[in-house]
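Undergrad: Quick one: the structure is below, questions incoming.
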Amino acid sequence: MSFSSENQNETGNNSSTENNSVRILAIESSCDDTSASVCIDGRIASNYVANQKVHEQYGGVVPELASRAHMQNIVPVVDVALKQAGISLQEIDAIAFTQSPGLIGSLLVGAQFAKSLALALSKPLIAVHHMQAHVLANLIEENRPSFPFLCLTVSGGHTQIVLARSPLELEVIGETIDDAAGEAFDKSAKLLGLPYPGGPLVDKNAQLGNPLAFKFAEPQIPELNFSFSGLKTSVLYFLQAKQKEDEKFIENNLNDLCASVQHTIIQILLKKLKKAVAQTGVKNVCIAGGVSANSGLRNALQEAGKKYGWKTFIPPFQYCTDNAGMIAITAYYKYKAGKFSELDVSPTARAEWN
Amino acid sequence: MDIQFNLSTIKEAVQSLWNAGKDTKVWVFHGEMGAGKTTVIHALCEQLGVKQAISSPTFAIINEYNSPIAGAIYHMDWYRMRDEEEAIQAGIEDCLLSGNYCFVEWPEKAENILPEKVFNVYLKATDHENRLLTVNA
């Protein structure tokens, strides 16, 4: 509890948080899930997520459906999060929301709601960067990394290695120059004829296959950056060639194909993570983001930890996928640092860090 | 104009492409999955001095970059759009009408919201490494 105890004002100086706990309501609506969370003194008291099942039948998130569903979900979701935390709206000290990046229509719903609430309650507003929040999700549990730490954030839209020196000193030291890791999973799954969302299905089939059965091209990208588009092309040509010989090639080799694709993606990720550890000398290594639910990646990280003497951390699943809990914990550190936003702040699809 | 290129000559290829197309704001990139659309746009934006991370917008639909040469650039991927209505709702029309450069992957998904004047770029894989880029400016 080293972080939250810093805040205890033992000398009794006048401080805005004196004798008071910090209670934050956070809203996350950057993509297809509507989520709200309450954080009390750095502890997540509730983290409620409404999933939009509607997208599965369309093979992906449909932006217009997503923002419409956010509008329907947001009030009940906030209500549940407050009730689960056992707290009323009036007891909240600040309202946080995801400002960027994401689908603009989806972000607008959460931002507008948060601003209106802040205005109505006369409470400060905290804008949170979704990718920073993924990294800080590692601070939610008791078993958390000490600073500095490295975090590999992998999701459908992002792949980054972040060096965290403190909760608010985060630096992207590597990222994808084309497709994200999650996109590589989904697009490979599509080439293999698997339904959406393909990533979890690849993982499931991979567990029954041989990861070394087939070899695909590995990118040669300088520094700590990633590239996954070459892998996609490599899989595509490989399948085209094999299907000329055997129409049922995919069907007959699905498990081995999934295992080999998954193995290649994980090796690409781990290779850069190893390089990042070597460059920075930082041996606290975390993963975050939706793809950190992948069992192959989890195992590979833990094995690498044993092999190279890293301390590894993976947040519980509910804090890996898009969730307001991670927005709330980030907002908690921003609150303590006095980093508030004005009401004219607007959401943006731009991904860069401020 | 036809340009043959691979990863080692892509810089020269996108420079020629920029010279050919810079008078048109909306560029549409045609080509199959794996033809190199994202890779070409990445190299082009880099050539235009974009400092932000340039990556596939398949997930986000619209990525926004800033170039000291071209100003604001919208990098879009319409792969997941079902029709024009949905593209409009996703904020795509606002980008197209903004007067800024728009680089569009998978324009076929909502062709009817494209302005009359677009710069068409066709990409084709000739083998595993080499790509053919065709423009009819």
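We label chains A, B, ... in the order they appear in the structure tokens, count residues from 1 in each chain, and number ligands from 1 in the order shown.
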DSSP on the backbone, strand (DSSP E) only: what residues of chain B does that give? Format it as a PyMOL selection string.
TA: chain B and resi 2-5+26-30+62-67+71-77+101-105+119-125+131-135
Undergrad: Mind running chain B against chain A at 8 Å and telling me each contacting residue's nearest atom pair with the distance in Å (one decimal), counting only C-alpha atoms, chain and number ascending, as JSON lines?
TA:
{"residue": "B:Met33", "atom": "CA", "partner": "A:Thr233", "partner_atom": "CA", "distance": 7.8}
{"residue": "B:Gly34", "atom": "CA", "partner": "A:Thr233", "partner_atom": "CA", "distance": 5.0}
{"residue": "B:Thr38", "atom": "CA", "partner": "A:Asp178", "partner_atom": "CA", "distance": 6.4}
{"residue": "B:Thr39", "atom": "CA", "partner": "A:Asp178", "partner_atom": "CA", "distance": 6.8}
{"residue": "B:His42", "atom": "CA", "partner": "A:Ile177", "partner_atom": "CA", "distance": 7.4}
{"residue": "B:Gln52", "atom": "CA", "partner": "A:Glu352", "partner_atom": "CA", "distance": 6.6}
{"residue": "B:Ala53", "atom": "CA", "partner": "A:Ile177", "partner_atom": "CA", "distance": 6.9}
{"residue": "B:Ile54", "atom": "CA", "partner": "A:Ile177", "partner_atom": "CA", "distance": 5.9}
{"residue": "B:Ser55", "atom": "CA", "partner": "A:Asp178", "partner_atom": "CA", "distance": 4.1}
{"residue": "B:Ser56", "atom": "CA", "partner": "A:Asp178", "partner_atom": "CA", "distance": 5.0}
{"residue": "B:Pro57", "atom": "CA", "partner": "A:Gly157", "partner_atom": "CA", "distance": 7.7}
{"residue": "B:Thr58", "atom": "CA", "partner": "A:Gly157", "partner_atom": "CA", "distance": 7.7}
{"residue": "B:Phe59", "atom": "CA", "partner": "A:Gly157", "partner_atom": "CA", "distance": 5.1}
{"residue": "B:Ala60", "atom": "CA", "partner": "A:Leu103", "partner_atom": "CA", "distance": 5.6}
{"residue": "B:Ile61", "atom": "CA", "partner": "A:Leu103", "partner_atom": "CA", "distance": 7.2}
{"residue": "B:Ile62", "atom": "CA", "partner": "A:Ala349", "partner_atom": "CA", "distance": 7.1}
{"residue": "B:Asn63", "atom": "CA", "partner": "A:Arg350", "partner_atom": "CA", "distance": 6.3}
{"residue": "B:Glu64", "atom": "CA", "partner": "A:Arg350", "partner_atom": "CA", "distance": 5.5}
{"residue": "B:Tyr65", "atom": "CA", "partner": "A:Arg350", "partner_atom": "CA", "distance": 7.4}
{"residue": "B:Arg80", "atom": "CA", "partner": "A:Gly60", "partner_atom": "CA", "distance": 6.7}
{"residue": "B:Met81", "atom": "CA", "partner": "A:Val62", "partner_atom": "CA", "distance": 7.2}
{"residue": "B:Glu86", "atom": "CA", "partner": "A:Glu64", "partner_atom": "CA", "distance": 6.2}
{"residue": "B:Gln89", "atom": "CA", "partner": "A:Glu64", "partner_atom": "CA", "distance": 5.6}
{"residue": "B:Ala90", "atom": "CA", "partner": "A:Pro63", "partner_atom": "CA", "distance": 5.7}
{"residue": "B:Gly91", "atom": "CA", "partner": "A:Gly105", "partner_atom": "CA", "distance": 7.5}
{"residue": "B:His128", "atom": "CA", "partner": "A:Tyr237", "partner_atom": "CA", "distance": 7.8}
Undergrad: What lies within 6 Å of region 198-212 of chain A using only C-alpha atoms, ignoring chain neighbours under 4 positions off, as a PyMOL selection string?
TA: chain A and resi 185-186+189+194+255-256+258-260+263
Undergrad: Nearest to Ser98 (chain B): which of B:Trp78, B:Lys11, B:Ala43, B:Ala72 is it, counting only C-alpha atoms?
TA: B:Ala72
Undergrad: If you count only C-alpha atoms, which residues fall within 10 Å of Phe113 (chain A), apart from same-chain ones fewer than 4 positions away, as a CSV table (one decimal) with N, CA, C and O atoms, in the first residue's frame?
TA:
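New file out-v7.csv:
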chain,number,residue,atom,x,y,z
A,27,ILE,N,-15.7,6.9,-15.9
A,27,ILE,CA,-16.5,6.4,-17.0
A,27,ILE,C,-15.6,6.1,-18.2
A,27,ILE,O,-14.8,6.9,-18.6
A,71,MET,N,-25.2,5.4,-25.2
A,71,MET,CA,-26.3,6.3,-24.7
A,71,MET,C,-27.3,5.6,-23.9
A,71,MET,O,-27.8,6.1,-22.9
A,74,ILE,N,-25.4,4.1,-20.4
A,74,ILE,CA,-24.5,4.9,-19.5
A,74,ILE,C,-25.2,5.2,-18.1
A,74,ILE,O,-24.6,5.0,-17.1
A,75,VAL,N,-26.5,5.6,-18.2
A,75,VAL,CA,-27.1,5.9,-16.9
A,75,VAL,C,-27.2,4.6,-16.0
A,75,VAL,O,-26.8,4.7,-14.8
A,95,ILE,N,-15.0,13.5,-11.1
A,95,ILE,CA,-15.6,12.6,-12.2
A,95,ILE,C,-14.5,12.5,-13.3
A,95,ILE,O,-13.9,13.5,-13.7
A,97,PHE,N,-13.1,10.5,-17.0
A,97,PHE,CA,-13.6,9.9,-18.2
A,97,PHE,C,-12.5,9.6,-19.2
A,97,PHE,O,-11.4,10.3,-19.1
A,108,LEU,N,-17.4,10.5,-27.2
A,108,LEU,CA,-18.3,11.7,-27.0
A,108,LEU,C,-19.3,11.4,-26.0
A,108,LEU,O,-19.6,12.3,-25.1
A,109,VAL,N,-19.9,10.2,-26.0
A,109,VAL,CA,-21.0,9.9,-25.1
A,109,VAL,C,-20.5,10.0,-23.6
A,109,VAL,O,-21.1,10.6,-22.8
A,117,LEU,N,-22.2,15.8,-15.6
A,117,LEU,CA,-22.2,15.4,-14.1
A,117,LEU,C,-21.4,16.3,-13.3
A,117,LEU,O,-21.7,16.8,-12.2
A,118,ALA,N,-20.2,16.6,-13.8
A,118,ALA,CA,-19.2,17.5,-13.1
A,118,ALA,C,-19.8,18.9,-12.9
A,118,ALA,O,-19.7,19.5,-11.8
A,119,LEU,N,-20.5,19.3,-14.0
A,119,LEU,CA,-21.1,20.7,-13.9
A,119,LEU,C,-22.3,20.7,-12.9
A,119,LEU,O,-22.4,21.6,-12.0
